[in-house]
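A.B. asks: Structure incoming, see below.
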Amino acid sequence: MSNISLQDCQQLDQQDALSFLREEFQLPKEVINMDGNSLGALPKSTLQKMKVTLEEEWGNGLIRSWSEAGWFDAPQRIGNKIAPLIGANKEEVLVADTTSINLFKALTAALQMNPTRTVLLSETDNFPTDLYLMQGISAFTQNRIQTKIVSQENLLDALQEEVGVLLLTQVNYKTAHIKEIESITKAAHEKGILTVWDLSHSVGSIEVDLEAAQVDFAVGCGYKFLNGGPGAPAFIYVAKRHQSAAKNVLSGWMGHQDPFAFTTQYVPADSIERFRCGTPVILGMAALEAGVDIFQKTSIQQLRQKAIQLSELFIQLMEQECSEYGFQLASPRNAQQRGGHVSYHHTEGHAIYQAIKRRGIISDFRTPDILRFGITPLYLRYQDIFQVVRMLREVMSSKAWDKEEYKVRELIT
Ligand SMILES: *Cc1c(COP(=O)(O)O)cnc(C)c1O
C-alpha cells in the first residue's frame, strides 16, 4: 500500500458530505481540537442564543420568560431533542444538574426499586466519579449498601443475587472500548439486577439504542460530544416503564407535581419531571440547546460513519509516520468496538501531550501513560488528522518533547 499523503486527505475533505458542519463552529485559528470528547468546541449559534437569552429573555422579559421564553420547559424540551441520539422516546430524557448528581439520583432510585438487595456493582475501569458516587451512597447508608468493584473479566460472574444495581459506562473514557450494552443489560436482568448506564462518552458520538437494550436508567454529559459548553447541564434517562415507581431522593420543589402550589407535602410529578431537583440553570441550558440543535442538521449514523473513517485514517497514519517512536494503541483496533476517541500508551505521554499542545494541538493525557485524541466528526477534517500525526512525528524525531517543563504533571489535563 502506498503512503497516505496530505493531498489524499484534502481530497477526502472535498468529498466529505458533512464538511458543511465545520462552518457551524467558531474554531480558533492555528489550533486543532483533538479534545472534543472532553470539551466540545463553541458553536456559532451558541453566541447568538446566549445573546438572546441574556438581552431579550432575561433583560427584557425578566421573570415572564419562565413561561414566555420556554425556560420552565427547557429540561424536558432539550431532553426530547437528546432522546433520538440515544434510542429513547420523548419524555424519557430530562436535562438537569450534572452527570455526577444524576448518577446519584439514578443509583438511589434503582436501589429503592430493588429494596432487598444490598450491593452496588461496577468495575475498576469505570470513570472515577461513578465509583465515588457509589461509595458516597454506601457511606450514607452506614454500609448497609455495599459497593463491589470488580475487573472487567470478572463482571459477568459478579452478577449475583445480592446485587441490586449495576452501574457501567458504555464507552471507556481511557481506551474508548465500547461495552455490549444489550447483552450485559440482559444478563443483569436475568439476575433481577437493574442497570444504570453512563453515556458520557457515547451521546453524540456513537449510535445508542436504550430501548432495544431495555436499559433501566442512564445518565450522560452535556459538554463533551454535545458541545454544550464548560459545565453544561447533564441528562438523566428513566425508562417509561419505571417512571411511576422510580423515586428521586433529591426531592426538590421543581420535581413536585405542582411546584407553584407551595404545599407542605412532597408529591412527585407523574412523569420524568420528578427527576428535576431545583431551578434549572437557564444560561447553561441555552448553550446546551444550541449544541444539541446542530445534531438536527445530520444523523448520528452519518456522524459515526465519518468518525470511524477519521479514526481509521489516524491509526493508519500513526503506523505510517510514527511506528518507530514507541506509541502503542490503547484502543480497540476494531472500529466497531471503539468509540469516539483513539488512545495510545506512551511512556513519555505527558511530555508529548505538552509538547504538541504548545504547538497548537489540543489532546488529553490520562494517567499513567495514555495520550487521548478525541475524533469529533462535526468539525475535524481529514487534513487535520494528517497535520496532527505529522506534528507528532516532528516532536518525536526532533525530541522536542524532551524538556523538563513538559514532564511536570499539570493539575488539569
Ligand atoms: C465526563 C464524565 C462524567 C462527568 O461528570 P460531571 O458530573 O459532569 O463532572 C461522568 N462520567 C463519565 C463516564 C464521564 O466521562
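Every chain in the C-alpha cells has a letter given in the order shown (A, B, ...), and although residue numbers restart at 1 in each chain, ligands are simply numbered from 1 in the order shown.
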Given a cut-off of 10 Å, what residues near ligand 1 show up using only C-alpha atoms and all ligand atoms, put as a ChimeraX atom specification?
C.D. replies: /A:37-39,97-103,126-131,168-174,197-202,219-224,230-235
A.B. asks: As number ranges by chain, please: every residue in segment 40-132 of chain A that DSSP puts in alpha helix (DSSP H).
C.D. replies: A: 44-51, 65-68, 74-82, 99-113, 128-132
A.B. asks: Counting only C-alpha atoms, what are the residues of segment 272-360 of chain A within 9 Å of segment 17-21 of chain A, and for each of them which pair of atoms is the nearest and at what distance in Å, to one decimal? Sort the table by chain and rising number, as a Markdown table.
C.D. replies:
| residue | atom | partner | partner_atom | distance |
| --- | --- | --- | --- | --- |
| A:Ile294 | CA | A:Leu21 | CA | 8.2 |
| A:Lys297 | CA | A:Leu21 | CA | 8.2 |
| A:Thr298 | CA | A:Leu18 | CA | 8.0 |
| A:Gln302 | CA | A:Leu18 | CA | 8.1 |
| A:Leu303 | CA | A:Leu18 | CA | 7.9 |
| A:Lys306 | CA | A:Leu18 | CA | 8.1 |
A.B. asks: Taking the DSSP secondary structure from the backbone, can you list the residues of segment 135-257 of chain A that are strand (DSSP E or B), as a ChimeraX atom specification?
C.D. replies: /A:146-150,163-169,171,177-178,194-198,217-220,234-238,256
A.B. asks: If we count only C-alpha atoms and set the cut-off at 10 Å, which residues sit around Gln160 of chain A, ignoring sequence neighbours fewer than 6 positions away in its own chain? Please answer as a list in words.
C.D. replies: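 Once the adjacent positions are removed, what remains is Val119, Leu121, Ala188, Glu190, Lys191, Gly192 and Ile193 of chain A.
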A.B. asks: Hey, could you make a per-residue contact list for segment 27-71 of chain A against segment 273-282 of chain A with 12 Å as the cut-off, showing the nearest pair of atoms and its distance in Å to one decimal, counting only C-alpha atoms, sorted by chain and number, as CSV?
C.D. replies:
residue,atom,partner,partner_atom,distance
A:Lys49,CA,A:Ile282,CA,11.6
A:Met50,CA,A:Ile282,CA,10.0
A:Thr53,CA,A:Ile282,CA,8.5
A:Leu54,CA,A:Ile282,CA,9.9
A:Glu57,CA,A:Ile282,CA,10.4
A:Trp58,CA,A:Ile282,CA,9.8
A:Ser65,CA,A:Ile282,CA,10.4
A:Trp66,CA,A:Ile282,CA,9.4
A:Ala69,CA,A:Ile282,CA,10.7
A:Gly70,CA,A:Ile282,CA,10.0
A:Trp71,CA,A:Ile282,CA,6.6
A.B. asks: Generate the output file for the selected residues, all heavy atoms, as an mmCIF file, in the first residue's frame.
C.D. replies:
data_model
loop_
_atom_site.group_PDB
_atom_site.id
_atom_site.type_symbol
_atom_site.label_atom_id
_atom_site.label_comp_id
_atom_site.auth_asym_id
_atom_site.auth_seq_id
_atom_site.Cartn_x
_atom_site.Cartn_y
_atom_site.Cartn_z
ATOM 1 N N LYS A 49 -27.490 32.602 20.565
ATOM 2 C CA LYS A 49 -28.521 32.145 21.511
ATOM 3 C C LYS A 49 -28.296 32.737 22.909
ATOM 4 O O LYS A 49 -29.256 33.117 23.597
ATOM 5 C CB LYS A 49 -28.486 30.614 21.552
ATOM 6 C CG LYS A 49 -29.409 30.033 22.570
ATOM 7 C CD LYS A 49 -30.371 29.062 21.939
ATOM 8 C CE LYS A 49 -31.310 28.582 23.034
ATOM 9 N NZ LYS A 49 -32.507 28.003 22.520
ATOM 10 N N MET A 50 -27.049 32.818 23.322
ATOM 11 C CA MET A 50 -26.749 33.382 24.641
ATOM 12 C C MET A 50 -27.115 34.870 24.679
ATOM 13 O O MET A 50 -27.633 35.379 25.676
ATOM 14 C CB MET A 50 -25.265 33.207 24.994
ATOM 15 C CG MET A 50 -24.825 31.783 25.214
ATOM 16 S SD MET A 50 -25.786 30.894 26.436
ATOM 17 C CE MET A 50 -25.133 31.564 27.945
ATOM 18 N N THR A 53 -30.819 35.073 24.966
ATOM 19 C CA THR A 53 -31.251 34.649 26.303
ATOM 20 C C THR A 53 -30.948 35.740 27.333
ATOM 21 O O THR A 53 -31.781 36.030 28.205
ATOM 22 C CB THR A 53 -30.540 33.327 26.707
ATOM 23 O OG1 THR A 53 -30.770 32.363 25.691
ATOM 24 C CG2 THR A 53 -31.071 32.796 28.027
ATOM 25 N N LEU A 54 -29.793 36.337 27.200
ATOM 26 C CA LEU A 54 -29.421 37.372 28.168
ATOM 27 C C LEU A 54 -30.207 38.662 27.939
ATOM 28 O O LEU A 54 -30.882 39.162 28.841
ATOM 29 C CB LEU A 54 -27.914 37.653 28.077
ATOM 30 C CG LEU A 54 -27.003 36.567 28.649
ATOM 31 C CD1 LEU A 54 -25.565 36.794 28.222
ATOM 32 C CD2 LEU A 54 -27.105 36.522 30.167
ATOM 33 N N GLU A 57 -34.467 37.724 26.744
ATOM 34 C CA GLU A 57 -35.273 36.919 27.663
ATOM 35 C C GLU A 57 -35.091 37.357 29.111
ATOM 36 O O GLU A 57 -36.066 37.545 29.846
ATOM 37 C CB GLU A 57 -34.918 35.440 27.495
ATOM 38 C CG GLU A 57 -35.265 34.936 26.096
ATOM 39 C CD GLU A 57 -34.922 33.478 25.865
ATOM 40 O OE1 GLU A 57 -34.549 32.774 26.831
ATOM 41 O OE2 GLU A 57 -35.003 33.045 24.716
ATOM 42 N N TRP A 58 -33.836 37.516 29.519
ATOM 43 C CA TRP A 58 -33.608 37.950 30.895
ATOM 44 C C TRP A 58 -33.806 39.467 31.009
ATOM 45 O O TRP A 58 -34.595 39.958 31.808
ATOM 46 C CB TRP A 58 -32.209 37.524 31.347
ATOM 47 C CG TRP A 58 -31.875 37.884 32.773
ATOM 48 C CD1 TRP A 58 -32.750 38.280 33.753
ATOM 49 C CD2 TRP A 58 -30.568 37.899 33.363
ATOM 50 N NE1 TRP A 58 -32.071 38.527 34.919
ATOM 51 C CE2 TRP A 58 -30.733 38.302 34.715
ATOM 52 C CE3 TRP A 58 -29.280 37.597 32.895
ATOM 53 C CZ2 TRP A 58 -29.649 38.422 35.586
ATOM 54 C CZ3 TRP A 58 -28.207 37.703 33.766
ATOM 55 C CH2 TRP A 58 -28.395 38.123 35.094
ATOM 56 N N SER A 65 -40.176 35.386 31.426
ATOM 57 C CA SER A 65 -39.574 34.433 30.495
ATOM 58 C C SER A 65 -39.665 32.983 30.968
ATOM 59 O O SER A 65 -39.489 32.073 30.160
ATOM 60 C CB SER A 65 -38.115 34.802 30.227
ATOM 61 O OG SER A 65 -38.076 35.972 29.433
ATOM 62 N N TRP A 66 -39.929 32.784 32.254
ATOM 63 C CA TRP A 66 -40.086 31.380 32.686
ATOM 64 C C TRP A 66 -41.172 30.694 31.882
ATOM 65 O O TRP A 66 -41.042 29.537 31.520
ATOM 66 C CB TRP A 66 -40.407 31.287 34.190
ATOM 67 C CG TRP A 66 -39.161 31.409 35.005
ATOM 68 C CD1 TRP A 66 -38.757 32.468 35.763
ATOM 69 C CD2 TRP A 66 -38.108 30.435 35.116
ATOM 70 N NE1 TRP A 66 -37.526 32.216 36.329
ATOM 71 C CE2 TRP A 66 -37.112 30.975 35.952
ATOM 72 C CE3 TRP A 66 -37.903 29.148 34.584
ATOM 73 C CZ2 TRP A 66 -35.940 30.289 36.271
ATOM 74 C CZ3 TRP A 66 -36.744 28.456 34.900
ATOM 75 C CH2 TRP A 66 -35.775 29.035 35.733
ATOM 76 N N ALA A 69 -40.647 32.523 27.430
ATOM 77 C CA ALA A 69 -39.473 32.135 26.628
ATOM 78 C C ALA A 69 -39.177 30.639 26.766
ATOM 79 O O ALA A 69 -38.126 30.170 26.320
ATOM 80 C CB ALA A 69 -38.256 32.957 27.047
ATOM 81 N N GLY A 70 -40.084 29.912 27.388
ATOM 82 C CA GLY A 70 -39.911 28.459 27.485
ATOM 83 C C GLY A 70 -38.825 28.033 28.460
ATOM 84 O O GLY A 70 -38.293 26.926 28.351
ATOM 85 N N TRP A 71 -38.495 28.885 29.412
ATOM 86 C CA TRP A 71 -37.458 28.493 30.381
ATOM 87 C C TRP A 71 -37.879 27.277 31.208
ATOM 88 O O TRP A 71 -37.105 26.361 31.414
ATOM 89 C CB TRP A 71 -37.150 29.651 31.346
ATOM 90 C CG TRP A 71 -36.380 30.770 30.761
ATOM 91 C CD1 TRP A 71 -35.861 30.862 29.501
ATOM 92 C CD2 TRP A 71 -36.032 31.984 31.444
ATOM 93 N NE1 TRP A 71 -35.204 32.065 29.351
ATOM 94 C CE2 TRP A 71 -35.295 32.770 30.532
ATOM 95 C CE3 TRP A 71 -36.272 32.481 32.718
ATOM 96 C CZ2 TRP A 71 -34.790 34.021 30.865
ATOM 97 C CZ3 TRP A 71 -35.781 33.722 33.061
ATOM 98 C CH2 TRP A 71 -35.042 34.495 32.135
#
A.B. asks: Give me the residues within 12 Å of Ile300 of chain A as a PyMOL selection string, counting only C-alpha atoms and dropping any in the same chain fewer than 2 places off.
C.D. replies: chain A and resi 18+82-87+202-209+225-226+292+294-298+302-307+376-378
A.B. asks: Which is closest to Lys105 of chain A among A:Val31, A:Leu250, A:Ile178, A:Ala330, if we use only C-alpha atoms?
C.D. replies: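 Closest residue, counting only C-alpha atoms: A:Leu250.
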A.B. asks: Hey, which of A:Ala269, A:Ala212, A:Ile385, A:Leu166 ends up closest to Leu317 of chain A? Count only C-alpha atoms.
C.D. replies: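 Of A:Ala269, A:Ala212, A:Ile385, A:Leu166, the one nearest Leu317 of chain A, counting only C-alpha atoms, is A:Ile385.
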